[in-house]
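Asks: The file below is query21.csv, CSV, C-alpha atoms:
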```csv
chain,number,residue,atom,x,y,z
B,1,ASP,CA,157.8,-158.9,-21.8
B,2,ALA,CA,159.3,-155.7,-23.0
B,3,LYS,CA,161.1,-154.0,-20.2
B,4,THR,CA,161.5,-150.4,-19.1
B,5,THR,CA,164.2,-148.6,-17.2
B,6,GLN,CA,163.5,-145.7,-14.9
B,7,PRO,CA,165.6,-143.8,-12.3
B,8,ASN,CA,164.8,-145.1,-8.8
B,9,SER,CA,164.0,-141.6,-7.5
B,10,MET,CA,163.8,-137.9,-8.4
B,11,GLU,CA,163.2,-134.7,-6.6
B,12,SER,CA,161.4,-131.6,-7.6
B,13,ASN,CA,160.4,-128.3,-6.2
B,14,GLU,CA,156.7,-127.4,-6.0
B,15,GLU,CA,155.4,-125.3,-8.9
B,16,GLU,CA,158.3,-126.3,-11.1
B,17,PRO,CA,158.1,-128.7,-14.1
B,18,VAL,CA,159.3,-132.3,-13.7
B,19,HIS,CA,160.6,-134.5,-16.5
B,20,LEU,CA,160.5,-138.2,-15.7
B,21,PRO,CA,162.5,-140.3,-18.2
B,22,CYS,CA,161.9,-143.9,-19.3
B,23,ASN,CA,164.1,-146.1,-21.5
B,24,HIS,CA,162.5,-148.9,-23.4
B,25,SER,CA,165.0,-150.0,-26.0
B,26,THR,CA,163.3,-153.3,-26.7
B,27,ILE,CA,159.9,-151.8,-27.5
B,28,SER,CA,158.1,-153.4,-30.5
B,29,GLY,CA,156.2,-151.5,-33.1
B,30,THR,CA,152.8,-152.2,-31.7
B,31,ASP,CA,153.6,-151.6,-28.0
B,32,TYR,CA,151.8,-148.7,-26.4
B,33,ILE,CA,153.6,-146.6,-23.8
B,34,HIS,CA,151.5,-146.1,-20.7
B,35,TRP,CA,152.3,-144.1,-17.5
B,36,TYR,CA,150.6,-144.8,-14.2
B,37,ARG,CA,151.3,-143.4,-10.8
B,38,GLN,CA,150.7,-144.8,-7.3
B,39,LEU,CA,150.1,-142.6,-4.3
B,40,PRO,CA,150.8,-144.1,-0.9
B,41,SER,CA,148.1,-146.6,0.2
B,42,GLN,CA,146.3,-146.4,-3.1
B,43,GLY,CA,146.0,-148.5,-6.3
B,44,PRO,CA,147.8,-147.2,-9.4
B,45,GLU,CA,146.2,-144.3,-11.3
B,46,TYR,CA,146.3,-143.8,-15.0
B,47,VAL,CA,148.2,-140.7,-16.1
B,48,ILE,CA,148.7,-140.9,-19.9
B,49,HIS,CA,149.5,-143.1,-22.8
B,50,GLY,CA,150.7,-142.9,-26.4
B,51,LEU,CA,152.1,-144.8,-29.4
B,52,THR,CA,154.2,-142.6,-31.5
B,53,SER,CA,153.2,-139.0,-31.3
B,54,ASN,CA,153.5,-136.7,-28.2
B,55,VAL,CA,150.3,-136.6,-26.1
B,56,ASN,CA,148.8,-134.0,-23.8
B,57,ASN,CA,146.1,-134.3,-21.2
B,58,ARG,CA,145.0,-132.4,-18.2
B,59,MET,CA,147.4,-134.2,-16.0
B,60,ALA,CA,150.6,-134.3,-18.0
B,61,SER,CA,152.4,-134.5,-21.3
B,62,LEU,CA,154.1,-137.5,-22.9
B,63,ALA,CA,157.1,-136.9,-25.1
B,64,ILE,CA,158.1,-140.0,-27.2
B,65,ALA,CA,161.4,-140.2,-28.9
B,66,GLU,CA,161.4,-140.5,-32.7
B,67,ASP,CA,162.9,-144.1,-32.5
B,68,ARG,CA,160.4,-144.9,-29.6
B,69,LYS,CA,163.3,-146.2,-27.5
B,70,SER,CA,162.6,-143.7,-24.8
B,71,SER,CA,159.9,-141.4,-23.5
B,72,THR,CA,159.5,-138.6,-21.0
B,73,LEU,CA,156.5,-137.8,-18.7
B,74,ILE,CA,156.2,-134.1,-18.1
B,75,LEU,CA,154.4,-132.7,-15.2
B,76,HIS,CA,154.1,-129.0,-16.0
B,77,ARG,CA,153.8,-127.7,-12.4
B,78,ALA,CA,154.5,-130.2,-9.7
B,79,THR,CA,152.4,-130.0,-6.6
B,80,LEU,CA,152.7,-131.9,-3.3
B,81,ARG,CA,149.9,-134.1,-4.4
B,82,ASP,CA,152.1,-135.3,-7.3
B,83,ALA,CA,154.4,-137.1,-4.9
B,84,ALA,CA,154.1,-140.7,-5.9
B,85,VAL,CA,155.8,-143.7,-7.6
B,86,TYR,CA,155.5,-143.2,-11.4
B,87,TYR,CA,155.5,-146.3,-13.6
B,88,CYS,CA,156.3,-146.4,-17.3
B,89,ILE,CA,154.8,-149.5,-18.8
B,90,LEU,CA,154.7,-151.1,-22.3
B,91,ILE,CA,151.5,-152.7,-23.3
B,92,GLY,CA,151.7,-155.3,-26.0
B,93,ASN,CA,149.2,-158.0,-25.9
B,94,PHE,CA,145.9,-157.6,-24.1
B,95,ASN,CA,146.2,-155.9,-20.7
B,96,LYS,CA,149.3,-157.6,-19.3
B,97,PHE,CA,151.1,-154.8,-17.5
B,98,TYR,CA,154.8,-155.2,-16.6
B,99,PHE,CA,155.3,-152.5,-14.0
B,100,GLY,CA,159.0,-152.5,-13.2
B,101,SER,CA,160.2,-150.6,-10.1
B,102,GLY,CA,159.1,-147.1,-11.1
B,103,THR,CA,160.4,-143.7,-10.1
B,104,LYS,CA,159.6,-142.3,-6.7
B,105,LEU,CA,159.0,-138.6,-7.1
B,106,ASN,CA,159.5,-136.4,-4.1
B,107,VAL,CA,158.1,-132.9,-4.3
B,108,LYS,CA,159.6,-130.3,-2.0
B,109,PRO,CA,157.5,-127.3,-0.8
Y,1,LYS,CA,130.3,-143.2,-11.9
Y,2,ALA,CA,131.4,-145.8,-9.4
Y,3,GLY,CA,135.0,-146.9,-9.5
Y,4,VAL,CA,136.5,-150.4,-9.2
Y,5,THR,CA,135.4,-152.0,-5.9
Y,6,GLN,CA,137.4,-154.7,-4.2
Y,7,THR,CA,136.2,-156.6,-1.2
Y,8,PRO,CA,137.2,-157.2,1.5
Y,9,ARG,CA,139.8,-154.4,2.1
Y,10,TYR,CA,141.7,-156.3,4.7
Y,11,LEU,CA,142.0,-160.0,5.5
Y,12,ILE,CA,143.9,-162.1,7.9
Y,13,LYS,CA,144.3,-165.9,7.2
Y,14,THR,CA,146.2,-168.8,8.5
Y,15,ARG,CA,148.8,-170.8,6.6
Y,16,GLY,CA,147.1,-173.6,4.7
Y,17,GLN,CA,143.7,-171.9,4.4
Y,18,GLN,CA,142.3,-170.7,1.2
Y,19,VAL,CA,140.9,-167.3,0.4
Y,20,THR,CA,138.6,-165.7,-2.2
Y,21,LEU,CA,138.9,-162.0,-3.2
Y,22,SER,CA,136.3,-160.1,-5.1
Y,23,CYS,CA,136.5,-157.4,-7.7
Y,24,SER,CA,133.6,-155.4,-9.2
Y,25,PRO,CA,134.7,-153.5,-12.3
Y,26,ILE,CA,133.4,-150.2,-13.5
Y,27,SER,CA,130.0,-150.6,-15.2
Y,28,GLY,CA,130.4,-151.5,-18.9
Y,29,HIS,CA,134.0,-152.7,-18.5
Y,30,ARG,CA,134.6,-156.2,-19.7
Y,31,SER,CA,138.3,-156.7,-18.9
Y,32,VAL,CA,139.5,-157.4,-15.4
Y,33,SER,CA,143.1,-158.0,-14.4
Y,34,TRP,CA,144.7,-159.0,-11.1
Y,35,TYR,CA,148.0,-158.0,-9.6
Y,36,GLN,CA,150.0,-158.8,-6.5
Y,37,GLN,CA,152.1,-156.1,-4.9
Y,38,THR,CA,154.8,-156.9,-2.3
Y,39,PRO,CA,157.7,-154.7,-1.1
Y,40,GLY,CA,160.2,-157.1,-2.5
Y,41,GLN,CA,158.7,-158.0,-5.9
Y,42,GLY,CA,156.7,-154.8,-6.6
Y,43,LEU,CA,153.6,-155.1,-8.8
Y,44,GLN,CA,153.3,-158.4,-10.6
Y,45,PHE,CA,150.7,-159.5,-13.1
Y,46,LEU,CA,148.5,-162.5,-12.1
Y,47,PHE,CA,146.0,-162.9,-14.8
Y,48,GLU,CA,143.5,-161.1,-17.0
Y,49,TYR,CA,139.9,-162.0,-17.9
Y,50,PHE,CA,137.8,-160.7,-20.7
Y,51,SER,CA,134.2,-161.8,-21.3
Y,52,GLU,CA,134.5,-164.7,-18.8
Y,53,THR,CA,137.7,-166.0,-20.5
Y,54,GLN,CA,141.2,-166.0,-19.1
Y,55,ARG,CA,143.2,-164.2,-21.8
Y,56,ASN,CA,146.6,-164.0,-20.1
Y,57,LYS,CA,148.4,-165.5,-17.1
Y,58,GLY,CA,151.5,-164.4,-15.2
Y,59,ASN,CA,154.1,-166.6,-13.6
Y,60,PHE,CA,152.3,-167.7,-10.5
Y,61,PRO,CA,151.7,-171.3,-9.2
Y,62,GLY,CA,148.5,-173.1,-9.8
Y,63,ARG,CA,147.3,-172.2,-6.3
Y,64,PHE,CA,146.3,-168.9,-7.7
Y,65,SER,CA,143.2,-169.0,-9.8
Y,66,GLY,CA,140.4,-166.8,-10.9
Y,67,ARG,CA,137.2,-166.5,-12.7
Y,68,GLN,CA,134.9,-163.9,-14.2
Y,69,PHE,CA,131.2,-163.9,-14.2
Y,70,SER,CA,128.7,-162.9,-16.9
Y,71,ASN,CA,128.3,-159.5,-15.2
Y,72,SER,CA,132.1,-159.0,-15.4
Y,73,ARG,CA,132.6,-159.3,-11.7
Y,74,SER,CA,135.7,-161.3,-11.0
Y,75,GLU,CA,137.0,-163.4,-8.1
Y,76,MET,CA,140.5,-164.5,-7.3
Y,77,ASN,CA,141.2,-167.6,-5.2
Y,78,VAL,CA,144.4,-168.6,-3.5
Y,79,SER,CA,144.5,-172.1,-2.0
Y,80,THR,CA,146.9,-173.5,0.6
Y,81,LEU,CA,148.1,-170.1,1.7
Y,82,GLU,CA,151.7,-169.5,2.4
Y,83,LEU,CA,153.3,-166.8,4.4
Y,84,GLY,CA,154.8,-165.4,1.2
Y,85,ASP,CA,151.3,-164.8,-0.2
Y,86,SER,CA,150.9,-161.8,2.2
Y,87,ALA,CA,150.5,-158.9,-0.1
Y,88,LEU,CA,148.3,-156.2,-1.5
Y,89,TYR,CA,146.1,-157.7,-4.3
Y,90,LEU,CA,144.9,-155.2,-6.8
Y,91,CYS,CA,142.4,-155.6,-9.6
Y,92,ALA,CA,142.0,-153.3,-12.6
Y,93,SER,CA,139.2,-152.9,-15.1
Y,94,SER,CA,139.2,-151.7,-18.7
Y,95,LEU,CA,136.6,-151.2,-21.3
Y,96,ALA,CA,138.3,-153.7,-23.6
Y,97,SER,CA,141.2,-156.0,-23.6
Y,98,ASP,CA,143.1,-153.5,-25.6
Y,99,ARG,CA,146.5,-151.8,-25.3
Y,100,ARG,CA,144.9,-148.5,-26.3
Y,101,THR,CA,142.6,-148.3,-23.3
Y,102,GLU,CA,143.4,-147.1,-19.8
Y,103,ALA,CA,143.0,-149.3,-16.8
Y,104,PHE,CA,141.3,-148.3,-13.6
Y,105,PHE,CA,142.5,-149.8,-10.4
Y,106,GLY,CA,140.7,-150.6,-7.2
Y,107,GLN,CA,142.1,-149.8,-3.7
Y,108,GLY,CA,143.2,-153.4,-3.2
Y,109,THR,CA,142.7,-156.1,-0.7
Y,110,ARG,CA,145.5,-156.4,1.9
Y,111,LEU,CA,146.0,-160.1,2.7
Y,112,THR,CA,148.0,-161.1,5.7
Y,113,VAL,CA,148.9,-164.8,6.2
Y,114,VAL,CA,150.0,-165.8,9.7
```
So, in terms of structure tokens, how does the structure I just supplied come out?

Replies:
Amino acid sequence: DAKTTQPNSMESNEEEPVHLPCNHSTISGTDYIHWYRQLPSQGPEYVIHGLTSNVNNRMASLAIAEDRKSSTLILHRATLRDAAVYYCILIGNFNKFYFGSGTKLNVKP
Amino acid sequence: KAGVTQTPRYLIKTRGQQVTLSCSPISGHRSVSWYQQTPGQGLQFLFEYFSETQRNKGNFPGRFSGRQFSNSRSEMNVSTLELGDSALYLCASSLASDRRTEAFFGQGTRLTVV
């Protein structure tokens, strides 16, 4: 399974943008990059996904490097409700997700 | 529309027993995946079913098994429970078994083995 590397934790101030990095140097040409987050005591929640181009949705933006070996999840204005563990996942075949350890995001008021 | 429903939410079993967990996917979704989450190992993939067929399996012993019914509902069974099986078991459903689609997770079943 293709692996991802994320910082263990990050901290942000409320109302400020947050950039969560992910390295995936072994990504293959057909792997999609997905981001999920998990709030305490809940199942993971889909955030965004992409293949090659940058993607935007109502929750976040995903910036993908030109060589696809890294990506960045951007939360434009962090809120206290965004405090969660964020997982960067590569999806190759079917729906086999390899979660990794994720980044725990703390948001300070 | 209703989300992914997992039952029961909490379960306490004794070592050596077996347990069956249930997952009802979102209506119209045909892919169901199962995951085990523990503090030490994080989220680990168990298996995935699509249209009643197991498409992929993680690195778990044969005591862990599952199935999917024609209505896409899925069950996961763990036989001869061990203390180390205590975990949060999550299921996720997707429209298709496709890397381009998003997965929706249930709240999980918290299994405690004593």

Asks: Report as number ranges by chain the set of chain Y residues whose atoms approach chain B to within 8 Å, with distances computed over all atoms listed in the file.

Replies: Y: 33, 42-45, 47-48, 55-56, 90, 97-100, 102-108

Asks: Restricting the calculation to only C-alpha atoms, which member of B:Gln38, B:Glu14, B:Leu20, B:Thr4 is positioned closest to Ala63 (chain B)?

Replies: B:Leu20

Asks: Quote the spacing between CA of Thr109 (chain Y) and CA of Met76 (chain Y) in Å to one decimal place.

Replies: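 It comes out at 10.9 Å.
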
Asks: What is the CA of Leu105 (chain B) to CA of Cys91 (chain Y) distance in Å?

Replies: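 Result for CA of Leu105 (chain B) versus CA of Cys91 (chain Y): 23.9 Å, one decimal.
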
Asks: Enter the distance from CA of Ala87 (chain Y) to CA of Tyr49 (chain Y), in Å, rounded to one decimal.

Replies: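 According to the coordinates, CA of Ala87 (chain Y) and CA of Tyr49 (chain Y) are separated by 20.9 Å.
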
Asks: Give me the residues within 9 Å of region 71-81 of chain B as a ChimeraX atom specification, counting all atoms listed in the file and dropping any in the same chain fewer than 4 places off.

Replies: /B:12-24,33,35,39,48,59-65,88,106-109

Asks: What lies within 7 Å of Gln68 (chain Y) using all atoms listed in the file, ignoring chain neighbours under 3 positions off, as a list in words?

Replies: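 Listed by chain and then number, they are Tyr49, Glu52, Ser72, Arg73, Ser74 and Glu75 of chain Y.
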
Asks: Hey, which of B:Lys69, B:Lys104, B:Arg58, B:Arg37 ends up closest to Asn8 (chain B)? Count only C-alpha atoms.

Replies: B:Lys104

Asks: Name the residues, using the chain letters and numbers of the file, that sit within 8 Å of (145.0, -169.8, 1.8) when counting only C-alpha atoms, and give them as a PDB file with C-alpha atoms, in the coordinates of the input.

Replies:
```pdb
ATOM      1  CA  LYS Y  13     144.300-165.900   7.200  1.00  0.00           C
ATOM      2  CA  THR Y  14     146.200-168.800   8.500  1.00  0.00           C
ATOM      3  CA  ARG Y  15     148.800-170.800   6.600  1.00  0.00           C
ATOM      4  CA  GLY Y  16     147.100-173.600   4.700  1.00  0.00           C
ATOM      5  CA  GLN Y  17     143.700-171.900   4.400  1.00  0.00           C
ATOM      6  CA  GLN Y  18     142.300-170.700   1.200  1.00  0.00           C
ATOM      7  CA  VAL Y  19     140.900-167.300   0.400  1.00  0.00           C
ATOM      8  CA  VAL Y  78     144.400-168.600  -3.500  1.00  0.00           C
ATOM      9  CA  SER Y  79     144.500-172.100  -2.000  1.00  0.00           C
ATOM     10  CA  THR Y  80     146.900-173.500   0.600  1.00  0.00           C
ATOM     11  CA  LEU Y  81     148.100-170.100   1.700  1.00  0.00           C
ATOM     12  CA  GLU Y  82     151.700-169.500   2.400  1.00  0.00           C
ATOM     13  CA  VAL Y 113     148.900-164.800   6.200  1.00  0.00           C
TER      14      VAL Y 113
END
```

Asks: Can you work out which one of Y:Asn71, Y:Ser31, Y:Asn77, Y:Ser86 has the shortest atom-to-atom distance to Thr101 (chain Y), counting all atoms listed in the file?

Replies: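 Nearest to Thr101 (chain Y): Y:Ser31.
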
Asks: Counting all atoms listed in the file, which residue out of Y:Leu21, Y:Val32, Y:Leu11, Y:Ala2 sits closest to Ser94 (chain Y)?

Replies: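 Smallest separation from Ser94 (chain Y) among the options: Y:Val32.
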